[in-house]
Amino acid sequence: MKDPRDFVAHEAALLDERRLDDWLALFAEDGHYWVPLLGAAQADPFSHNSLAYEDRLLLQLRVDRLKNPRAHSQHPASHSQHVLQPSRIEREAGDEAWLRTPFLYVEARGQDQLLLSGTARHHLVRAPTGSWSIRQKRVDLLNAARALPAIQLFI
């Protein structure tokens, strides 16, 4: 996949198909998944709390938990649907690309549905194989500081 915009759409599709191992494989070894508590107003994950700031190890642990048949939070199982606006490449430099993608996210579990909206910001790096990897996925939720129920899957 040469176009990084196609990569972002592919990443969302893997999440919606619950292909969590394939999704995790998209992250670079130094990759991070970040959901700032203050949304777009938060400059970094260190000066303020975040809803999530996870490296590859923490992502792997969460994927393993979600796949475990004894995971209480997954009875019934959660499902997601990402509705993406077209991604916009904000910057490209060498083997790196920074993209911005507005989205709607629906997470359903049993009779309950959670609707979130915001902007996903991907910092991608080209792997030696020529494919893209995620160095950082930042999810800036609209109205992020409001009280939220537990989000089970990955936005």
# chains A, B, ... in the order shown; residues from 1 in each chain; ligands from 1
$ residues_around --residues "Ala120 in chain A" --least-positions-apart "4" --cutoff "10 Å" --atoms "only C-alpha atoms" --output "ChimeraX atom specification"
/A:8,34-35,84,87,99-103,137-141,155
$ write_last_selection --atoms "all heavy atoms" --output "CSV table (one decimal), in the first residue's frame"
chain,number,residue,atom,x,y,z
A,8,VAL,N,-4.6,4.2,6.3
A,8,VAL,CA,-5.5,4.7,7.4
A,8,VAL,C,-6.8,4.0,7.3
A,8,VAL,O,-7.4,3.5,8.3
A,8,VAL,CB,-5.6,6.2,7.4
A,8,VAL,CG1,-6.7,6.6,8.4
A,8,VAL,CG2,-4.3,6.8,7.8
A,34,TRP,N,-2.5,6.9,21.4
A,34,TRP,CA,-2.7,8.0,22.4
A,34,TRP,C,-4.1,8.6,22.2
A,34,TRP,O,-4.4,9.0,21.1
A,34,TRP,CB,-1.6,9.0,22.2
A,34,TRP,CG,-1.7,10.2,23.2
A,34,TRP,CD1,-2.2,10.2,24.4
A,34,TRP,CD2,-1.2,11.5,22.9
A,34,TRP,NE1,-2.1,11.4,25.0
A,34,TRP,CE2,-1.5,12.3,24.1
A,34,TRP,CE3,-0.6,12.1,21.8
A,34,TRP,CZ2,-1.2,13.6,24.2
A,34,TRP,CZ3,-0.3,13.5,21.9
A,34,TRP,CH2,-0.6,14.2,23.1
A,35,VAL,N,-4.8,8.6,23.3
A,35,VAL,CA,-6.1,9.3,23.3
A,35,VAL,C,-6.0,10.4,24.4
A,35,VAL,O,-6.1,10.1,25.6
A,35,VAL,CB,-7.3,8.4,23.6
A,35,VAL,CG1,-8.6,9.1,23.5
A,35,VAL,CG2,-7.3,7.2,22.6
A,84,LEU,N,-15.1,7.2,8.3
A,84,LEU,CA,-14.0,8.1,8.1
A,84,LEU,C,-14.3,9.1,7.0
A,84,LEU,O,-14.8,8.7,6.0
A,84,LEU,CB,-12.7,7.4,7.7
A,84,LEU,CG,-12.3,6.2,8.6
A,84,LEU,CD1,-11.0,5.6,8.0
A,84,LEU,CD2,-12.0,6.7,10.0
A,87,SER,N,-8.9,11.1,4.5
A,87,SER,CA,-7.7,11.5,5.2
A,87,SER,C,-7.0,12.6,4.4
A,87,SER,O,-7.0,12.6,3.2
A,87,SER,CB,-6.7,10.3,5.4
A,87,SER,OG,-7.3,9.3,6.2
A,99,LEU,N,-0.9,12.4,8.9
A,99,LEU,CA,-2.2,12.5,8.3
A,99,LEU,C,-3.2,12.9,9.4
A,99,LEU,O,-3.1,12.6,10.6
A,99,LEU,CB,-2.7,11.1,7.7
A,99,LEU,CG,-1.9,10.7,6.5
A,99,LEU,CD1,-0.7,9.8,7.0
A,99,LEU,CD2,-2.8,9.9,5.6
A,100,ARG,N,-4.3,13.5,8.9
A,100,ARG,CA,-5.4,13.9,9.8
A,100,ARG,C,-6.7,13.3,9.2
A,100,ARG,O,-7.0,13.6,8.0
A,100,ARG,CB,-5.4,15.4,9.8
A,100,ARG,CG,-6.5,16.1,10.6
A,100,ARG,CD,-6.4,17.6,10.4
A,100,ARG,NE,-7.2,18.3,11.4
A,100,ARG,CZ,-8.5,18.5,11.3
A,100,ARG,NH1,-9.1,18.1,10.2
A,100,ARG,NH2,-9.2,19.1,12.2
A,101,THR,N,-7.5,12.6,10.0
A,101,THR,CA,-8.7,12.0,9.5
A,101,THR,C,-9.9,12.2,10.5
A,101,THR,O,-9.9,11.6,11.5
A,101,THR,CB,-8.5,10.5,9.3
A,101,THR,OG1,-7.3,10.2,8.6
A,101,THR,CG2,-9.7,9.8,8.6
A,102,PRO,N,-10.8,13.1,10.1
A,102,PRO,CA,-12.0,13.2,10.9
A,102,PRO,C,-12.8,11.9,10.9
A,102,PRO,O,-12.9,11.2,9.8
A,102,PRO,CB,-12.8,14.4,10.3
A,102,PRO,CG,-11.8,15.1,9.5
A,102,PRO,CD,-10.8,14.0,9.0
A,103,PHE,N,-13.5,11.5,12.0
A,103,PHE,CA,-14.2,10.3,12.0
A,103,PHE,C,-15.4,10.3,12.9
A,103,PHE,O,-15.5,11.2,13.8
A,103,PHE,CB,-13.3,9.2,12.5
A,103,PHE,CG,-12.9,9.3,14.0
A,103,PHE,CD1,-13.7,8.8,15.0
A,103,PHE,CD2,-11.8,10.0,14.3
A,103,PHE,CE1,-13.4,9.0,16.3
A,103,PHE,CE2,-11.4,10.2,15.7
A,103,PHE,CZ,-12.2,9.7,16.7
A,137,LYS,N,-0.5,6.9,16.7
A,137,LYS,CA,-1.9,7.2,16.4
A,137,LYS,C,-2.4,8.0,17.6
A,137,LYS,O,-2.5,7.5,18.7
A,137,LYS,CB,-2.7,5.9,16.2
A,137,LYS,CG,-4.2,6.2,15.9
A,137,LYS,CD,-5.0,5.0,15.6
A,137,LYS,CE,-6.4,5.4,15.3
A,137,LYS,NZ,-7.3,4.2,15.1
A,138,ARG,N,-2.8,9.2,17.3
A,138,ARG,CA,-3.4,10.1,18.3
A,138,ARG,C,-4.9,10.3,17.9
A,138,ARG,O,-5.2,10.6,16.8
A,138,ARG,CB,-2.7,11.4,18.3
A,138,ARG,CG,-3.3,12.5,19.1
A,138,ARG,CD,-2.6,13.8,19.0
A,138,ARG,NE,-3.4,14.8,19.8
A,138,ARG,CZ,-2.8,15.8,20.4
A,138,ARG,NH1,-1.5,16.0,20.4
A,138,ARG,NH2,-3.6,16.6,21.1
A,139,VAL,N,-5.7,10.1,18.9
A,139,VAL,CA,-7.2,10.2,18.7
A,139,VAL,C,-7.7,11.4,19.5
A,139,VAL,O,-7.7,11.3,20.8
A,139,VAL,CB,-7.9,8.9,19.1
A,139,VAL,CG1,-9.4,9.1,18.9
A,139,VAL,CG2,-7.4,7.7,18.3
A,140,ASP,N,-8.0,12.5,18.9
A,140,ASP,CA,-8.5,13.7,19.5
A,140,ASP,C,-10.0,13.6,19.5
A,140,ASP,O,-10.6,13.9,18.4
A,140,ASP,CB,-8.0,15.0,18.9
A,140,ASP,CG,-6.5,15.2,19.0
A,140,ASP,OD1,-6.0,14.8,20.1
A,140,ASP,OD2,-5.9,15.8,18.2
A,141,LEU,N,-10.6,13.3,20.6
A,141,LEU,CA,-12.1,13.2,20.7
A,141,LEU,C,-12.7,14.6,20.8
A,141,LEU,O,-12.1,15.4,21.5
A,141,LEU,CB,-12.5,12.3,21.9
A,141,LEU,CG,-12.1,10.9,21.8
A,141,LEU,CD1,-12.5,10.2,23.1
A,141,LEU,CD2,-12.8,10.2,20.6
A,155,ILE,N,-10.3,3.1,19.2
A,155,ILE,CA,-10.9,4.1,18.3
A,155,ILE,C,-10.1,4.2,17.1
A,155,ILE,O,-8.9,4.3,17.1
A,155,ILE,CB,-11.1,5.4,19.1
A,155,ILE,CG1,-11.8,5.2,20.4
A,155,ILE,CG2,-11.7,6.5,18.2
A,155,ILE,CD1,-11.8,6.4,21.3
$ residues_around --residues "Asn143 in chain A" --least-positions-apart "2" --cutoff "9 Å" --atoms "only C-alpha atoms" --output "list in words"
Leu38, Gly39, Ser117, Gly118, Asp140, Leu141, Ala145 and Arg146 of chain A
$ write_last_selection --atoms "all heavy atoms" --output "short mmCIF file (atom, residue, chain, number, x, y, z; two decimals), in the first residue's frame"
data_model
loop_
_atom_site.label_atom_id
_atom_site.label_comp_id
_atom_site.auth_asym_id
_atom_site.auth_seq_id
_atom_site.Cartn_x
_atom_site.Cartn_y
_atom_site.Cartn_z
N LEU A 38 -7.59 15.83 27.08
CA LEU A 38 -8.01 17.18 26.69
C LEU A 38 -8.22 17.32 25.18
O LEU A 38 -8.39 18.42 24.68
CB LEU A 38 -6.98 18.21 27.16
CG LEU A 38 -6.70 18.23 28.66
CD1 LEU A 38 -5.63 19.26 28.98
CD2 LEU A 38 -7.97 18.52 29.44
N GLY A 39 -8.19 16.21 24.46
CA GLY A 39 -8.37 16.26 23.02
C GLY A 39 -7.27 17.05 22.34
O GLY A 39 -6.11 17.02 22.76
N SER A 117 -17.00 11.14 18.21
CA SER A 117 -16.48 11.77 17.01
C SER A 117 -15.18 12.48 17.36
O SER A 117 -14.92 12.79 18.52
CB SER A 117 -17.49 12.76 16.42
OG SER A 117 -17.74 13.80 17.33
N GLY A 118 -14.39 12.71 16.36
CA GLY A 118 -13.12 13.38 16.59
C GLY A 118 -12.24 13.32 15.37
O GLY A 118 -12.72 13.14 14.24
N ASP A 140 -7.95 12.49 18.87
CA ASP A 140 -8.49 13.68 19.54
C ASP A 140 -10.00 13.62 19.48
O ASP A 140 -10.61 13.87 18.43
CB ASP A 140 -7.99 14.96 18.85
CG ASP A 140 -6.50 15.18 19.04
OD1 ASP A 140 -5.97 14.76 20.08
OD2 ASP A 140 -5.88 15.78 18.15
N LEU A 141 -10.61 13.26 20.61
CA LEU A 141 -12.06 13.18 20.67
C LEU A 141 -12.66 14.57 20.78
O LEU A 141 -12.13 15.44 21.48
CB LEU A 141 -12.50 12.34 21.87
CG LEU A 141 -12.13 10.87 21.82
CD1 LEU A 141 -12.50 10.19 23.13
CD2 LEU A 141 -12.82 10.19 20.65
N ALA A 145 -13.10 15.78 27.29
CA ALA A 145 -13.04 15.85 28.76
C ALA A 145 -14.36 15.48 29.43
O ALA A 145 -14.42 15.40 30.65
CB ALA A 145 -12.62 17.26 29.19
N ARG A 146 -15.40 15.23 28.65
CA ARG A 146 -16.68 14.86 29.27
C ARG A 146 -16.58 13.45 29.86
O ARG A 146 -15.69 12.68 29.50
CB ARG A 146 -17.81 14.95 28.26
CG ARG A 146 -17.87 13.77 27.31
CD ARG A 146 -19.11 13.86 26.42
NE ARG A 146 -19.50 12.58 25.94
CZ ARG A 146 -19.16 12.08 24.77
NH1 ARG A 146 -18.38 12.74 23.98
NH2 ARG A 146 -19.59 10.90 24.39
#
$ closest_residue --among "A:Asn49, A:Gln60, A:Gln136, A:Ser78" --to "Asp30 in chain A" --atoms "only C-alpha atoms"
A:Gln136
$ select_by_dssp --residues "range 44-153 of chain A" --states "alpha helix (DSSP H)" --output "count of residues only"
12
$ select_by_dssp --residues "chain A" --states "strand (DSSP E or B)" --output "PyMOL selection string"
chain A and resi 27-36+50-55+78-84+88-93+96-109+112-126+132-141
$ closest_residue --among "A:Glu11, A:Glu107, A:Asp21, A:Asp16" --to "Gln152 in chain A" --atoms "only C-alpha atoms"
A:Glu107
$ closest_residue --among "A:Ala150, A:Leu124, A:Ala28, A:Leu142" --to "Asp112 in chain A" --atoms "only C-alpha atoms"
A:Ala150
$ closest_residue --among "A:Ala147, A:Ala127, A:Lys67, A:His75" --to "Arg19 in chain A" --atoms "only C-alpha atoms"
A:Lys67
$ residues_around --residues "Ala93 in chain A" --least-positions-apart "6" --cutoff "12 Å" --atoms "only C-alpha atoms" --output "list of chain:residue names"
A:His123, A:Leu124, A:Val125, A:Arg126
$ residues_around --residues "Leu116 in chain A" --least-positions-apart "2" --cutoff "7 Å" --atoms "only C-alpha atoms" --output "PyMOL selection string"
chain A and resi 104-106+114+118
$ write_last_selection --atoms "N, CA, C and O atoms" --output "tab-separated table (two decimals), in the first residue's frame"
chain	number	residue	atom	x	y	z
A	104	LEU	N	-16.31	9.36	12.71
A	104	LEU	CA	-17.34	8.97	13.66
A	104	LEU	C	-17.02	7.54	14.04
A	104	LEU	O	-16.61	6.74	13.21
A	105	TYR	N	-17.21	7.23	15.31
A	105	TYR	CA	-16.91	5.89	15.81
A	105	TYR	C	-18.12	5.41	16.60
A	105	TYR	O	-18.60	6.11	17.49
A	106	VAL	N	-18.57	4.23	16.27
A	106	VAL	CA	-19.68	3.61	17.01
A	106	VAL	C	-19.16	2.31	17.60
A	106	VAL	O	-18.55	1.50	16.90
A	114	LEU	N	-22.30	3.34	21.78
A	114	LEU	CA	-21.56	4.55	22.13
A	114	LEU	C	-21.15	5.21	20.83
A	114	LEU	O	-20.60	4.56	19.94
A	118	GLY	N	-14.39	12.71	16.36
A	118	GLY	CA	-13.12	13.38	16.59
A	118	GLY	C	-12.24	13.32	15.37
A	118	GLY	O	-12.72	13.14	14.24
$ residues_around --residues "Ile89 in chain A" --least-positions-apart "5" --cutoff "10 Å" --atoms "only C-alpha atoms" --output "list in words"
Asp3, Pro4, Arg5, Ala97, Trp98, Leu99, Arg100, Thr101, Arg121 and His122 of chain A
$ residues_around --residues "Asp22 in chain A" --least-positions-apart "5" --cutoff "12 Å" --atoms "only C-alpha atoms" --output "list in words"
His10, Glu11, Ala12, Ala13, Leu14, Leu15, Asp16, Glu17, Phe27, Gln60, Val63 and Ser133 of chain A
$ write_last_selection --atoms "N, CA and C atoms" --output "PDB file, in the first residue's frame"
ATOM      1  N   HIS A  10      -7.398   1.124   5.769  1.00  0.00           N
ATOM      2  CA  HIS A  10      -7.144  -0.296   6.050  1.00  0.00           C
ATOM      3  C   HIS A  10      -7.073  -0.538   7.559  1.00  0.00           C
ATOM      4  N   GLU A  11      -6.406   0.348   8.277  1.00  0.00           N
ATOM      5  CA  GLU A  11      -6.295   0.203   9.734  1.00  0.00           C
ATOM      6  C   GLU A  11      -7.674   0.190  10.383  1.00  0.00           C
ATOM      7  N   ALA A  12      -8.547   1.115   9.991  1.00  0.00           N
ATOM      8  CA  ALA A  12      -9.899   1.172  10.554  1.00  0.00           C
ATOM      9  C   ALA A  12     -10.683  -0.099  10.216  1.00  0.00           C
ATOM     10  N   ALA A  13     -10.521  -0.593   8.997  1.00  0.00           N
ATOM     11  CA  ALA A  13     -11.227  -1.817   8.600  1.00  0.00           C
ATOM     12  C   ALA A  13     -10.785  -3.010   9.443  1.00  0.00           C
ATOM     13  N   LEU A  14      -9.498  -3.104   9.745  1.00  0.00           N
ATOM     14  CA  LEU A  14      -9.024  -4.205  10.599  1.00  0.00           C
ATOM     15  C   LEU A  14      -9.674  -4.146  11.979  1.00  0.00           C
ATOM     16  N   LEU A  15      -9.796  -2.953  12.534  1.00  0.00           N
ATOM     17  CA  LEU A  15     -10.442  -2.814  13.841  1.00  0.00           C
ATOM     18  C   LEU A  15     -11.904  -3.236  13.770  1.00  0.00           C
ATOM     19  N   ASP A  16     -12.613  -2.783  12.739  1.00  0.00           N
ATOM     20  CA  ASP A  16     -14.032  -3.113  12.613  1.00  0.00           C
ATOM     21  C   ASP A  16     -14.256  -4.604  12.371  1.00  0.00           C
ATOM     22  N   GLU A  17     -13.288  -5.269  11.787  1.00  0.00           N
ATOM     23  CA  GLU A  17     -13.380  -6.714  11.548  1.00  0.00           C
ATOM     24  C   GLU A  17     -12.847  -7.520  12.731  1.00  0.00           C
ATOM     25  N   PHE A  27       1.716  -1.446  13.925  1.00  0.00           N
ATOM     26  CA  PHE A  27       2.480  -0.511  14.741  1.00  0.00           C
ATOM     27  C   PHE A  27       3.975  -0.795  14.641  1.00  0.00           C
ATOM     28  N   GLN A  60      -0.410  -4.908  23.166  1.00  0.00           N
ATOM     29  CA  GLN A  60      -0.461  -6.368  23.088  1.00  0.00           C
ATOM     30  C   GLN A  60      -1.254  -6.949  24.252  1.00  0.00           C
ATOM     31  N   VAL A  63      -4.946  -6.308  23.553  1.00  0.00           N
ATOM     32  CA  VAL A  63      -5.423  -7.205  22.502  1.00  0.00           C
ATOM     33  C   VAL A  63      -5.622  -8.609  23.075  1.00  0.00           C
ATOM     34  N   SER A 133       4.076   1.840   8.696  1.00  0.00           N
ATOM     35  CA  SER A 133       3.868   1.426  10.088  1.00  0.00           C
ATOM     36  C   SER A 133       3.459   2.654  10.881  1.00  0.00           C
TER      37      SER A 133
END
